[in-house]
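Trainee: Structure supplied as upload21.tsv; contents: TSV, C-alpha atoms and all ligand atoms.
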chain	number	residue	atom	x	y	z
O	1113	MET	CA	6.63	9.07	27.70
O	1114	SER	CA	7.91	12.65	27.54
O	1115	THR	CA	5.71	15.76	27.52
O	1116	SER	CA	6.30	16.08	23.76
O	1117	GLY	CA	4.46	12.77	23.34
O	1118	LEU	CA	5.45	9.33	22.18
O	1119	ARG	CA	8.99	9.37	20.83
O	1120	VAL	CA	9.36	7.00	17.89
O	1121	VAL	CA	12.94	6.59	16.69
O	1122	TRP	CA	13.66	5.31	13.19
O	1123	VAL	CA	17.21	3.99	13.32
O	1124	TYR	CA	19.50	4.59	10.34
O	1125	PRO	CA	17.05	5.04	7.46
O	1126	ASP	CA	20.10	5.71	5.26
O	1127	LEU	CA	21.47	2.18	5.85
O	1128	LEU	CA	18.60	-0.01	6.99
O	1129	SER	CA	15.32	0.33	5.15
O	1130	THR	CA	14.71	-2.32	2.53
O	1131	TYR	CA	11.38	-3.44	1.06
O	1132	GLY	CA	9.44	-0.49	2.45
O	1133	ASP	CA	10.37	-1.14	6.09
O	1134	GLN	CA	9.92	2.59	6.64
O	1135	GLY	CA	6.20	1.81	6.54
O	1136	ASN	CA	6.63	0.39	10.04
O	1137	VAL	CA	7.31	3.89	11.38
O	1138	LEU	CA	4.31	5.32	9.54
O	1139	VAL	CA	2.02	2.65	10.97
O	1140	VAL	CA	3.19	3.13	14.58
O	1141	GLU	CA	2.89	6.91	14.18
O	1142	ARG	CA	-0.58	6.73	12.65
O	1143	ARG	CA	-2.02	4.22	15.10
O	1144	ALA	CA	-0.73	6.26	18.04
O	1145	GLN	CA	-2.23	9.45	16.61
O	1146	GLN	CA	-5.55	7.68	16.02
O	1147	ARG	CA	-5.58	7.04	19.78
O	1148	GLY	CA	-5.09	10.73	20.45
O	1149	LEU	CA	-1.39	10.52	21.29
O	1150	ALA	CA	1.06	13.20	20.20
O	1151	VAL	CA	3.97	11.61	18.35
O	1152	GLU	CA	7.47	12.91	17.92
O	1153	ARG	CA	9.14	10.98	15.13
O	1154	ILE	CA	12.92	11.06	15.19
O	1155	ASP	CA	14.81	9.82	12.13
O	1156	VAL	CA	18.42	9.14	13.11
O	1157	ARG	CA	20.88	8.88	10.25
O	1158	SER	CA	24.00	6.82	10.71
O	1159	ASP	CA	26.19	9.91	11.28
O	1160	GLN	CA	23.99	11.03	14.17
O	1161	ALA	CA	23.85	9.90	17.79
O	1162	ILE	CA	21.05	7.57	18.85
O	1163	PRO	CA	18.89	9.37	21.41
O	1164	THR	CA	18.50	7.37	24.60
O	1165	SER	CA	15.12	8.79	25.65
O	1166	GLY	CA	12.96	7.31	22.87
O	1167	ASP	CA	9.95	5.13	23.61
O	1168	ILE	CA	9.90	2.89	20.53
O	1169	TYR	CA	12.89	2.20	18.26
O	1170	LEU	CA	12.35	0.71	14.80
O	1171	ILE	CA	15.12	-0.83	12.71
O	1172	GLY	CA	14.73	-2.20	9.20
O	1173	GLY	CA	16.48	-4.66	6.92
O	1174	GLY	CA	19.51	-4.01	4.76
O	1175	GLU	CA	22.04	-5.40	2.34
O	1176	ASP	CA	25.14	-7.06	3.80
O	1177	ARG	CA	27.54	-4.08	3.60
O	1178	PRO	CA	25.21	-1.43	5.03
O	1179	GLN	CA	24.36	-3.99	7.70
O	1180	ARG	CA	28.03	-4.18	8.77
O	1181	LEU	CA	28.37	-0.38	8.75
O	1182	ALA	CA	25.21	-0.06	10.84
O	1183	ALA	CA	26.45	-2.63	13.37
O	1184	GLU	CA	29.83	-0.84	13.70
O	1185	ARG	CA	28.14	2.52	14.29
O	1186	LEU	CA	25.54	1.19	16.70
O	1187	ARG	CA	28.23	-0.57	18.77
O	1188	ARG	CA	30.34	2.58	18.89
O	1189	ASP	CA	27.32	4.74	19.73
O	1190	GLY	CA	25.96	2.58	22.55
O	1191	GLY	CA	22.73	4.61	22.67
O	1192	LEU	CA	20.41	1.79	21.71
O	1193	GLN	CA	21.67	-0.42	24.55
O	1194	ARG	CA	21.20	2.49	26.99
O	1195	ALA	CA	17.70	3.10	25.66
O	1196	VAL	CA	16.80	-0.56	26.29
O	1197	ASP	CA	18.27	-0.27	29.79
O	1198	ASN	CA	15.88	2.67	30.23
O	1199	GLY	CA	12.96	0.40	29.27
O	1200	ALA	CA	12.59	1.37	25.60
O	1201	ILE	CA	10.95	-0.95	23.10
O	1202	VAL	CA	12.86	-2.09	20.03
O	1203	PHE	CA	11.27	-3.68	16.98
O	1204	SER	CA	13.73	-4.88	14.35
O	1205	VAL	CA	13.48	-6.50	10.93
O	1206	CYS	CA	15.90	-8.86	9.15
O	1207	ALA	CA	19.34	-7.17	9.08
O	1208	GLY	CA	18.22	-5.08	12.06
O	1209	TYR	CA	17.21	-8.28	13.86
O	1210	GLN	CA	20.58	-9.91	13.16
O	1211	ILE	CA	22.38	-6.81	14.47
O	1212	LEU	CA	20.52	-7.02	17.78
O	1213	GLY	CA	21.91	-10.52	18.37
O	1214	HIS	CA	25.36	-11.50	19.63
O	1215	GLU	CA	26.91	-11.82	16.17
O	1216	PHE	CA	26.28	-12.37	12.47
O	1217	ILE	CA	28.40	-13.06	9.40
O	1218	ASN	CA	29.20	-9.84	7.58
O	1219	ASP	CA	29.74	-9.08	3.88
O	1220	LEU	CA	33.44	-9.98	4.24
O	1221	GLY	CA	32.53	-13.46	5.48
O	1222	GLN	CA	33.70	-12.58	9.00
O	1223	ARG	CA	31.95	-12.83	12.36
O	1224	GLU	CA	30.65	-9.38	13.19
O	1225	PRO	CA	29.66	-8.61	16.80
O	1226	GLY	CA	26.10	-7.41	17.28
O	1227	LEU	CA	24.64	-5.52	20.21
O	1228	GLY	CA	23.73	-8.53	22.33
O	1229	LEU	CA	20.23	-7.20	22.98
O	1230	LEU	CA	18.71	-10.51	21.90
O	1231	ASP	CA	20.10	-13.93	22.78
O	1232	VAL	CA	20.49	-15.04	19.16
O	1233	ILE	CA	23.35	-15.59	16.74
O	1234	SER	CA	23.14	-15.54	12.97
O	1235	VAL	CA	25.27	-17.48	10.54
O	1236	ARG	CA	25.23	-17.77	6.77
O	1237	GLY	CA	22.70	-20.34	5.61
O	1238	GLY	CA	24.28	-23.17	3.65
O	1239	GLY	CA	21.39	-23.53	1.22
O	1240	GLU	CA	19.48	-21.18	-1.01
O	1241	ARG	CA	18.49	-17.69	0.13
O	1242	CYS	CA	15.25	-17.71	2.08
O	1243	VAL	CA	12.89	-15.82	-0.19
O	1244	GLY	CA	9.10	-15.74	-0.29
O	1245	ASP	CA	5.91	-15.39	1.65
O	1246	VAL	CA	5.73	-16.32	5.31
O	1247	LEU	CA	2.72	-17.19	7.44
O	1248	ALA	CA	3.37	-17.84	11.09
O	1249	ASP	CA	1.53	-18.39	14.36
O	1250	VAL	CA	2.67	-15.88	16.97
O	1251	ASP	CA	3.87	-16.91	20.43
O	1252	GLU	CA	0.57	-17.47	22.22
O	1253	THR	CA	1.63	-15.43	25.25
O	1254	LEU	CA	1.49	-12.35	22.98
O	1255	ARG	CA	-2.12	-13.07	21.91
O	1256	LEU	CA	-1.80	-11.87	18.33
O	1257	PRO	CA	-3.34	-13.09	15.08
O	1258	GLN	CA	-1.41	-15.01	12.45
O	1259	LEU	CA	1.60	-13.15	11.14
O	1260	THR	CA	1.93	-12.44	7.42
O	1261	GLY	CA	4.99	-11.05	5.66
O	1262	PHE	CA	7.72	-11.93	3.22
O	1263	GLU	CA	11.33	-12.79	3.75
O	1264	ASN	CA	14.54	-12.35	1.77
O	1265	HIS	CA	17.68	-13.29	3.65
O	1266	GLN	CA	20.79	-15.47	3.48
O	1267	GLY	CA	21.56	-15.40	7.19
O	1268	VAL	CA	19.89	-17.92	9.48
O	1269	THR	CA	19.34	-17.29	13.16
O	1270	GLN	CA	19.68	-19.60	16.14
O	1271	LEU	CA	17.98	-18.70	19.41
O	1272	GLY	CA	19.66	-19.08	22.79
O	1273	PRO	CA	17.79	-19.80	26.03
O	1274	GLY	CA	17.33	-16.07	26.73
O	1275	ALA	CA	15.05	-15.48	23.73
O	1276	ARG	CA	11.66	-16.89	22.76
O	1277	PRO	CA	10.60	-17.44	19.15
O	1278	LEU	CA	8.27	-14.66	18.07
O	1279	ALA	CA	6.29	-17.14	15.98
O	1280	ARG	CA	6.26	-20.61	14.37
O	1281	VAL	CA	6.08	-20.78	10.60
O	1282	ARG	CA	3.25	-22.44	8.71
O	1283	LEU	CA	4.75	-21.32	5.45
O	1284	GLY	CA	8.24	-20.05	4.67
O	1285	ASN	CA	11.51	-20.30	6.57
O	1286	GLY	CA	11.56	-17.68	9.30
O	1287	ASN	CA	14.80	-18.11	11.24
O	1288	GLY	CA	15.90	-20.61	8.62
O	1289	THR	CA	17.39	-23.19	10.99
O	1290	GLY	CA	14.74	-25.76	10.10
O	1291	ASP	CA	13.23	-25.72	13.59
O	1292	GLY	CA	10.14	-23.82	12.42
O	1293	THR	CA	10.81	-20.73	14.50
O	1294	GLU	CA	10.46	-17.20	13.19
O	1295	GLY	CA	11.97	-14.16	14.88
O	1296	ALA	CA	12.72	-13.76	18.55
O	1297	TRP	CA	11.75	-11.63	21.50
O	1298	ALA	CA	12.77	-11.03	25.08
O	1299	GLY	CA	11.26	-8.37	27.33
O	1300	THR	CA	10.85	-5.25	25.22
O	1301	VAL	CA	13.11	-6.29	22.32
O	1302	PHE	CA	11.63	-7.93	19.21
O	1303	GLY	CA	13.14	-9.25	15.99
O	1304	THR	CA	11.57	-10.72	12.86
O	1305	TYR	CA	12.56	-11.69	9.34
O	1306	MET	CA	9.26	-10.34	8.04
O	1307	HIS	CA	9.06	-7.45	5.62
O	1308	GLY	CA	5.81	-6.30	4.15
O	1309	PRO	CA	6.09	-3.75	5.81
O	1310	VAL	CA	5.33	-6.13	8.65
O	1311	LEU	CA	3.43	-3.62	10.79
O	1312	ALA	CA	1.16	-2.67	7.86
O	1313	ARG	CA	0.33	-6.32	7.37
O	1314	ASN	CA	0.07	-7.00	11.11
O	1315	PRO	CA	-1.11	-3.78	12.79
O	1316	GLN	CA	-1.77	-5.66	16.04
O	1317	ILE	CA	1.99	-5.81	16.50
O	1318	ALA	CA	2.15	-2.02	16.26
O	1319	ASP	CA	-0.60	-1.92	18.87
O	1320	LEU	CA	1.36	-4.33	21.06
O	1321	LEU	CA	4.32	-1.93	20.96
O	1322	LEU	CA	2.03	0.95	21.91
O	1323	LYS	CA	0.42	-1.03	24.74
O	1324	LEU	CA	3.83	-1.93	26.14
O	1325	THR	CA	4.88	1.70	25.99
O	1326	LEU	CA	1.73	2.99	27.64
O	1327	ASP	CA	1.57	0.03	30.04
O	1328	VAL	CA	-2.08	-0.65	29.24
O	1329	ASN	CA	-3.87	-3.88	28.32
O	1330	ALA	CA	-6.10	-2.44	25.63
O	1331	LEU	CA	-6.32	0.49	23.22
O	1332	PRO	CA	-9.38	2.17	21.71
O	1333	GLN	CA	-10.53	0.41	18.53
O	1334	VAL	CA	-9.66	2.00	15.21
O	1335	ASP	CA	-10.97	1.31	11.73
O	1336	ASP	CA	-8.94	-1.67	10.52
O	1337	ARG	CA	-10.86	-2.36	7.30
O	1338	TRP	CA	-7.96	-1.55	4.97
O	1339	TYR	CA	-5.47	-3.49	7.04
O	1340	GLU	CA	-7.83	-6.46	7.12
O	1341	ALA	CA	-8.32	-6.33	3.36
O	1342	LEU	CA	-4.54	-6.31	2.86
O	1343	ARG	CA	-4.07	-9.18	5.30
O	1344	ALA	CA	-6.80	-11.28	3.71
O	1345	GLU	CA	-5.37	-10.69	0.25
O	1346	ARG	CA	-1.79	-11.54	1.25
O	1347	ILE	CA	-2.78	-14.62	3.28
O	1348	ALA	CA	-4.89	-15.91	0.37
O	1349	ALA	CA	-2.07	-15.26	-2.13
O	1350	ALA	CA	0.50	-17.00	0.07
O	1351	THR	CA	-1.77	-19.98	0.69
O	1352	GLN	CA	-2.57	-20.38	-3.00
O	1353	ALA	CA	1.08	-20.21	-3.99
O	1354	ALA	CA	2.02	-22.87	-1.42
I	1	LIG	N1	21.87	-9.13	4.78
I	1	LIG	C1	21.06	-10.00	5.60
I	1	LIG	C2	20.89	-11.40	5.03
I	1	LIG	O1	20.89	-11.61	3.85
I	1	LIG	C3	19.72	-9.35	5.83
I	1	LIG	C4	18.91	-9.17	4.58
I	1	LIG	C5	17.70	-8.27	4.78
I	1	LIG	O2	17.68	-7.44	5.68
I	1	LIG	N2	16.73	-8.39	3.89
I	1	LIG	O3	20.73	-12.32	5.80
Can you present the structure in this file as structure tokens?
Ligand code: GLN

Mentor:
Amino acid sequence: MSTSGLRVVWVYPDLLSTYGDQGNVLVVERRAQQRGLAVERIDVRSDQAIPTSGDIYLIGGGEDRPQRLAAERLRRDGGLQRAVDNGAIVFSVCAGYQILGHEFINDLGQREPGLGLLDVISVRGGGERCVGDVLADVDETLRLPQLTGFENHQGVTQLGPGARPLARVRLGNGNGTGDGTEGAWAGTVFGTYMHGPVLARNPQIADLLLKLTLDVNALPQVDDRWYEALRAERIAAATQAA
């Protein structure tokens, strides 16, 4: 962490920020500040260079065309890969998740190279778009409560041996391959199909990112009443609808 505090980088808000994914930045910022940390938030538009000295990088979802443009620019820039080499943490959602993999199918129906930061590939799902609420049990090594969010994607994602599923779905599609997995992670790089914004619905994931950055096992407690009310409401709604 630099002397200016925790550097939180919001990657390409002009291209990748669907369904309120920007809320993920607000939650990380707020929960860090509640623990007394100074936060420098850096919004990087797609015509700007990605700084390589950030601590936590957040990437949201996007429509197919902006997703291709974002992948082209991120490949050309190379900053995100260098940041990960420097030990940075990356948390990505949906289109952002697909971009972190080896490749995905773009809006022109062609294979588009990703950044190869996660050992996953995404293809176009043959069936209906995956849309709706998701409930999933998180990889037990991460020790996190059930994940709640919603998904809206056509791409489906296959994990290679270098990535672990972030969670296993109880409800919804997640990666959409029919194997019950949702999202992926390896080291300090995370991907999920969950919107919500996912960190507002699952603040313990924001805390996990902070703990990884600070290299600590625990953080001071904060008042989670509103988060818990939101979680309870969304889990009940999803369960009733199922
Ligand atoms: N365009 C991608 C897909 O449909 C991602 C969509 C999203 O980010 N919501 O698979």

Trainee: Of the candidates O:Pro1163, O:Gly1173, O:Gly1238, O:Gly1284, which one gets nearest to ligand LIG 1 (chain I) if we count all atoms listed in the file?

Mentor: O:Gly1173

Trainee: Find the residues near Gly1213 (chain O): any atom within 7 Å, counting only C-alpha atoms, skip ones fewer than 3 places away on the same chain, and give them as a list in words.

Mentor: Tyr1209, Gln1210, Gly1226, Leu1227, Gly1228, Leu1229, Leu1230, Asp1231, Val1232 and Ile1233 of chain O

Trainee: What's around Ile1154 (chain O) at 7 Å? Count only C-alpha atoms, leave out sequence neighbours fewer than 3 positions away in its own chain, and write the answer as a PDB file with C-alpha atoms, in the coordinates of the input.

Mentor:
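Produced file selection-v9.pdb, reproduced below:
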ATOM      1  CA  VAL O1120       9.360   7.000  17.890  1.00  0.00           C
ATOM      2  CA  VAL O1121      12.940   6.590  16.690  1.00  0.00           C
ATOM      3  CA  TRP O1122      13.660   5.310  13.190  1.00  0.00           C
TER       4      TRP O1122
END

Trainee: Any residue with an atom at most 8 Å from ligand LIG 1 (chain I) counts, using all atoms listed in the file. Which are they? Put them as a PDB file with C-alpha atoms, keeping the file's coordinate frame.

Mentor:
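The resulting part21.pdb:
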ATOM      1  CA  LEU O1128      18.600  -0.010   6.990  1.00  0.00           C
ATOM      2  CA  THR O1130      14.710  -2.320   2.530  1.00  0.00           C
ATOM      3  CA  TYR O1131      11.380  -3.440   1.060  1.00  0.00           C
ATOM      4  CA  GLY O1172      14.730  -2.200   9.200  1.00  0.00           C
ATOM      5  CA  GLY O1173      16.480  -4.660   6.920  1.00  0.00           C
ATOM      6  CA  GLY O1174      19.510  -4.010   4.760  1.00  0.00           C
ATOM      7  CA  GLU O1175      22.040  -5.400   2.340  1.00  0.00           C
ATOM      8  CA  ASP O1176      25.140  -7.060   3.800  1.00  0.00           C
ATOM      9  CA  ARG O1177      27.540  -4.080   3.600  1.00  0.00           C
ATOM     10  CA  GLN O1179      24.360  -3.990   7.700  1.00  0.00           C
ATOM     11  CA  VAL O1205      13.480  -6.500  10.930  1.00  0.00           C
ATOM     12  CA  CYS O1206      15.900  -8.860   9.150  1.00  0.00           C
ATOM     13  CA  ALA O1207      19.340  -7.170   9.080  1.00  0.00           C
ATOM     14  CA  GLY O1208      18.220  -5.080  12.060  1.00  0.00           C
ATOM     15  CA  GLN O1210      20.580  -9.910  13.160  1.00  0.00           C
ATOM     16  CA  ASN O1218      29.200  -9.840   7.580  1.00  0.00           C
ATOM     17  CA  ASP O1219      29.740  -9.080   3.880  1.00  0.00           C
ATOM     18  CA  ARG O1236      25.230 -17.770   6.770  1.00  0.00           C
ATOM     19  CA  ARG O1241      18.490 -17.690   0.130  1.00  0.00           C
ATOM     20  CA  GLU O1263      11.330 -12.790   3.750  1.00  0.00           C
ATOM     21  CA  ASN O1264      14.540 -12.350   1.770  1.00  0.00           C
ATOM     22  CA  HIS O1265      17.680 -13.290   3.650  1.00  0.00           C
ATOM     23  CA  GLN O1266      20.790 -15.470   3.480  1.00  0.00           C
ATOM     24  CA  GLY O1267      21.560 -15.400   7.190  1.00  0.00           C
ATOM     25  CA  VAL O1268      19.890 -17.920   9.480  1.00  0.00           C
ATOM     26  CA  TYR O1305      12.560 -11.690   9.340  1.00  0.00           C
ATOM     27  CA  HIS O1307       9.060  -7.450   5.620  1.00  0.00           C
TER      28      HIS O1307
END

Trainee: State, in Å with one decimal place, the distance from CA of Glu1184 (chain O) to CA of Pro1225 (chain O).

Mentor: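 CA of Glu1184 (chain O) sits 8.4 Å away from CA of Pro1225 (chain O).
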
Trainee: Can you tell me which residues surround Tyr1169 (chain O) at a distance of at most 10 Å, considering all atoms listed in the file, apart from same-chain residues fewer than 5 positions away, and format the answer as a list in words?

Mentor: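 Skipping anything fewer than 5 positions along the chain leaves Arg1119, Val1120, Val1121, Trp1122, Val1123, Val1137, Ile1154, Asp1155, Ile1162, Pro1163, Thr1164, Leu1192, Ala1195, Val1196, Ala1200, Ile1201, Val1202, Phe1203, Ser1204, Val1301 and Leu1321 of chain O.
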
Trainee: Expressed in Å to a single decimal, how great is the separation between CA of Leu1322 (chain O) and CA of Arg1282 (chain O)?

Mentor: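 Answer for the CA of Leu1322 (chain O) to CA of Arg1282 (chain O) separation: 26.9 Å.
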
Trainee: What is the distance, in Å and to one decimal place, between CA of Phe1216 (chain O) and CA of Asp1249 (chain O)?

Mentor: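 Calculated distance between CA of Phe1216 (chain O) and CA of Asp1249 (chain O) is 25.5 Å.
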
Trainee: Have a look at O:Gln1193, O:Thr1351, O:Gln1333, O:Gln1258 and name the one nearest to Asp1245 (chain O); count only C-alpha atoms.

Mentor: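 Of the candidates, the smallest distance to Asp1245 (chain O) is held by O:Thr1351.
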